[in-house]
Amino acid sequence: MILTAILLAKSRLSLEDIGAYEMLLYIAYTLGFWWVSGLVQALLSVYPRLDRAAQRKLVAQSWLLFVGISGGLLLFVRLFEPQVLQLLSGQPHVQYFRLFTVFMVLHFPAYLLENLLLLQDRLREIIWYGIFTFGAQLVAVLLPVYMGYDFYWSIAGLTLSAALRHIWLLWHICREGHFEWDGQMLLNWLRIAAPLILYAVLGGFNTVFDNWLVNWHYAGDEAQFAIFRYGAQELPLTLALINAFGAAMIPQVAKNLPIALTLVKAQSLRLFHLLFPLSILLMLSGRQLFPLVFNESFLPSVKIFNIYLLILISRMLFARPILTGLQANMGVLVISIIELIINTLVSLFLVRHYGMLGIAIGTLVAYTMEKAMLCAYLYIRLGVAVQTYTDLRWFAFYSIALIGAYVITTILF
């Protein structure tokens with residue numbers, strides 16, 4: 001996705017064209033992130049507790065459920081297309097949207113595959129799947145653009161790549177699953193997933209709300225939307241690494257909490273040493289790198305990007321995967337509601353005075369408060385102190401260094 005964004009910025013596409021593409025990605029995220037995230041996290045928690053026969057039934061039922069939800073979603077957006085687009089983008093029509101809905105219905109179930117492979121310890125296959133996914137999407141989006149074709153063919157290629165990923169998923173389901181209906185198992189999965197879905201709605205609301213607020217404040221200006229989207233990014237690879245690490249820890253916590261806490265502390269320290277120095281380096285060099293990596297049109301994105309880099313500090317506290325693994329999901333849900341309120345109020349207040357920067361600051365404040373509350377809840381409710389899963393000395397050192405880098409760049413630029 002990062003490389004695609006870079007090469008699109010270097011292509012013949014205008015800022016408005018890139019903004020239209022980012023708008024489609026934002027709409028897909030809005031329609032799918034909540035239920036996909038909640039169901040997958042519940043699956044990671046439920047699967048290790050079942051015997052082999054039940055696991056095979058759950059694998060097959062997971063595909064049926066995801067395809068059913070995706071199909072229902074496609075029907076809904078087709079029936080209420082103008083209303084959905086007006087609500088999300090501020091305009092009743094978005095180019096290529098109908099074809100993009102086909103991409104979505106194939107794309108959402110494919111999220112199952114890497115998680116099923118994780119649960120079955122097929123790590124090598126995850127690597128090959130990741131390489132295929134990256135390569136196919138990169139070629140699909142960029143090749144038509146650089147060959148001079150209409151962007152319609154990029155969306156068509158993206159849809160084809162989603163179809164190929166879905167075929168890979170089907171092959172895995174047929175190999176590892178067993179199609180036998182078990183209503184009680186499905187209900188148990190949905191019971192555990194329900195608060196996680198609500199949590200995902202509330203947690204992902206920050207991203208959705210930020211994008212919506214940009215559309216509202218700038219009256220659907222696609223160029224301004226592109227500037228915000230390119231700036232509203234955390235350190236490249238951060239979310240991939242952190243989300244993958246958190247997902248991998250959930251089954252470990254479900255199996256054995258003391259061992260998992262030790263593992264979280266040791267492995268998160270490795271992420272500290274990788275991600276904090278890279279963030280500091282990007283913070284100090286962003287003004288030079290952005291025009292070089294993208295183009296001069298995206299220079300206003302740098303100040304937004306620097307604020308988003310600070311979110312790394314809260315990301316490095318892994319209380320939520322531990323709470324999810326222990327199925328303490330209702331507390332997580334309540335904290336997410338509080339986070340939503342904080343982000344909404346702070347962003348609405350600051351956007352009037354600082355525009356996009358105010359939206360970014362509101363997101364930073366909300367994420368920081370959420371993680372502080374999760375750590376406190378984990379300690380008060382379950383007696384798990386933050387130092388049992390976090391190396392606090394290195395965490396404090398890197399956090400101060402990153403904040404110092406931000407202060408330096410703000411003073412200088």
# chains A, B, ... in the order shown; residues from 1 in each chain; ligands from 1
$ closest_atom_pairs --of "segment 39-131 of chain A" --to "segment 151-161 of chain A" --cutoff "10 Å" --atoms "only C-alpha atoms" --output "Markdown table"
| residue | atom | partner | partner_atom | distance |
| --- | --- | --- | --- | --- |
| A:Gln95 | CA | A:Tyr152 | CA | 8.6 |
| A:Tyr96 | CA | A:Tyr152 | CA | 6.4 |
| A:Phe97 | CA | A:Ile155 | CA | 9.2 |
| A:Leu99 | CA | A:Ile155 | CA | 7.1 |
| A:Phe100 | CA | A:Ile155 | CA | 6.5 |
| A:Thr101 | CA | A:Thr159 | CA | 9.0 |
| A:Val102 | CA | A:Thr159 | CA | 6.8 |
| A:Phe103 | CA | A:Thr159 | CA | 4.4 |
| A:Met104 | CA | A:Thr159 | CA | 8.0 |
| A:Val105 | CA | A:Thr159 | CA | 9.4 |
| A:Leu106 | CA | A:Thr159 | CA | 7.6 |
| A:His107 | CA | A:Thr159 | CA | 8.1 |
$ residues_around --residues "Trp212 of chain A" --least-positions-apart "4" --cutoff "7 Å" --atoms "only C-alpha atoms" --output "PyMOL selection string"
chain A and resi 88-89+208+216
$ atom_distance --atom1 "atom CA of Glu176 of chain A" --atom2 "atom CA of Asn243 of chain A"
24.7 Å
$ residues_around --residues "Gly404 of chain A" --least-positions-apart "2" --cutoff "12 Å" --atoms "only C-alpha atoms" --output "PDB file with C-alpha atoms, in the first residue's frame"
ATOM      1  CA  SER A 279      10.100   7.054  13.756  1.00  0.00           C
ATOM      2  CA  ILE A 280      12.616   9.521  15.181  1.00  0.00           C
ATOM      3  CA  LEU A 281      14.577   9.459  11.928  1.00  0.00           C
ATOM      4  CA  MET A 283      10.315  12.807  12.211  1.00  0.00           C
ATOM      5  CA  LEU A 284      13.578  14.698  11.695  1.00  0.00           C
ATOM      6  CA  ASN A 306       4.643  14.127  12.372  1.00  0.00           C
ATOM      7  CA  LEU A 310       3.619  10.277  18.014  1.00  0.00           C
ATOM      8  CA  PHE A 397      13.625   6.543  26.953  1.00  0.00           C
ATOM      9  CA  TYR A 398      12.240   6.119  23.445  1.00  0.00           C
ATOM     10  CA  SER A 399       9.044   8.049  24.206  1.00  0.00           C
ATOM     11  CA  ILE A 400      10.986  11.076  25.463  1.00  0.00           C
ATOM     12  CA  ALA A 401      13.315  10.889  22.445  1.00  0.00           C
ATOM     13  CA  LEU A 402      10.392  10.810  19.985  1.00  0.00           C
ATOM     14  CA  TYR A 406       8.764  16.418  17.400  1.00  0.00           C
ATOM     15  CA  VAL A 407       9.545  19.555  19.396  1.00  0.00           C
ATOM     16  CA  ILE A 408      12.695  20.103  17.342  1.00  0.00           C
ATOM     17  CA  THR A 409      10.906  19.773  14.010  1.00  0.00           C
ATOM     18  CA  THR A 410       8.056  22.021  15.174  1.00  0.00           C
ATOM     19  CA  ILE A 411      10.481  24.785  16.247  1.00  0.00           C
TER      20      ILE A 411
END
$ atom_distance --atom1 "atom CA of Phe179 of chain A" --atom2 "atom CA of Leu65 of chain A"
12.2 Å
$ closest_residue --among "A:Leu64, A:Ile197, A:Ala162, A:Leu312" --to "Leu239 of chain A" --atoms "only C-alpha atoms"
A:Leu312
$ closest_atom_pairs --of "segment 282-322 of chain A" --to "segment 348-363 of chain A" --cutoff "10 Å" --atoms "only C-alpha atoms" --output "CSV"
residue,atom,partner,partner_atom,distance
A:Pro300,CA,A:Met356,CA,9.8
A:Ser301,CA,A:Met356,CA,9.2
A:Lys303,CA,A:Leu357,CA,7.3
A:Ile304,CA,A:Leu357,CA,5.8
A:Phe305,CA,A:Ala360,CA,8.6
A:Asn306,CA,A:Ala360,CA,9.5
A:Ile307,CA,A:Ala360,CA,6.4
A:Tyr308,CA,A:Ala360,CA,6.8
A:Leu310,CA,A:Ile361,CA,9.8
A:Ile311,CA,A:Thr363,CA,8.5
$ closest_residue --among "A:Leu292, A:Leu79, A:Leu317, A:Leu392" --to "Met373 of chain A" --atoms "only C-alpha atoms"
A:Leu317
$ atom_distance --atom1 "atom CA of Leu326 of chain A" --atom2 "atom CA of Ala254 of chain A"
6.0 Å
$ closest_atom_pairs --of "segment 215-308 of chain A" --to "segment 36-48 of chain A" --cutoff "10 Å" --atoms "only C-alpha atoms" --output "JSON lines"
{"residue": "A:Gly246", "atom": "CA", "partner": "A:Gln41", "partner_atom": "CA", "distance": 9.9}
{"residue": "A:Ala247", "atom": "CA", "partner": "A:Gln41", "partner_atom": "CA", "distance": 7.3}
{"residue": "A:Ala248", "atom": "CA", "partner": "A:Leu44", "partner_atom": "CA", "distance": 8.5}
{"residue": "A:Met249", "atom": "CA", "partner": "A:Leu44", "partner_atom": "CA", "distance": 9.5}
{"residue": "A:Ile250", "atom": "CA", "partner": "A:Ser45", "partner_atom": "CA", "distance": 6.4}
{"residue": "A:Pro251", "atom": "CA", "partner": "A:Ser45", "partner_atom": "CA", "distance": 5.8}
{"residue": "A:Gln252", "atom": "CA", "partner": "A:Pro48", "partner_atom": "CA", "distance": 9.0}
{"residue": "A:Val253", "atom": "CA", "partner": "A:Ser45", "partner_atom": "CA", "distance": 8.9}
{"residue": "A:Ala254", "atom": "CA", "partner": "A:Ser45", "partner_atom": "CA", "distance": 6.6}
{"residue": "A:Lys255", "atom": "CA", "partner": "A:Pro48", "partner_atom": "CA", "distance": 7.5}
$ closest_residue --among "A:Gly71, A:Gly331, A:Gly183, A:Pro321" --to "Tyr389 of chain A" --atoms "only C-alpha atoms"
A:Pro321
$ closest_atom_pairs --of "segment 6-54 of chain A" --to "segment 132-144 of chain A" --cutoff "10 Å" --atoms "only C-alpha atoms" --output "tab-separated table"
residue	atom	partner	partner_atom	distance
A:Leu7	CA	A:Leu142	CA	7.5
A:Leu8	CA	A:Leu142	CA	7.1
A:Ser11	CA	A:Leu142	CA	8.7
$ write_last_selection --atoms "C-alpha atoms" --output "PDB file, in the first residue's frame"
ATOM      1  CA  LEU A   7       4.144   5.358  -7.312  1.00  0.00           C
ATOM      2  CA  LEU A   8       0.692   6.838  -7.805  1.00  0.00           C
ATOM      3  CA  SER A  11       2.476   8.929 -12.017  1.00  0.00           C
TER       4      SER A  11
END
$ residues_around --residues "Ile27 of chain A" --least-positions-apart "2" --cutoff "9 Å" --atoms "only C-alpha atoms" --output "list in words"
Glu22, Met23, Leu24, Leu25, Tyr29, Thr30, Leu31, Gly32, Leu85, Leu88, Ser89 and Val208 of chain A
$ closest_residue --among "A:Asn215, A:Gln387, A:Gln55, A:Thr4" --to "Leu119 of chain A" --atoms "only C-alpha atoms"
A:Gln55
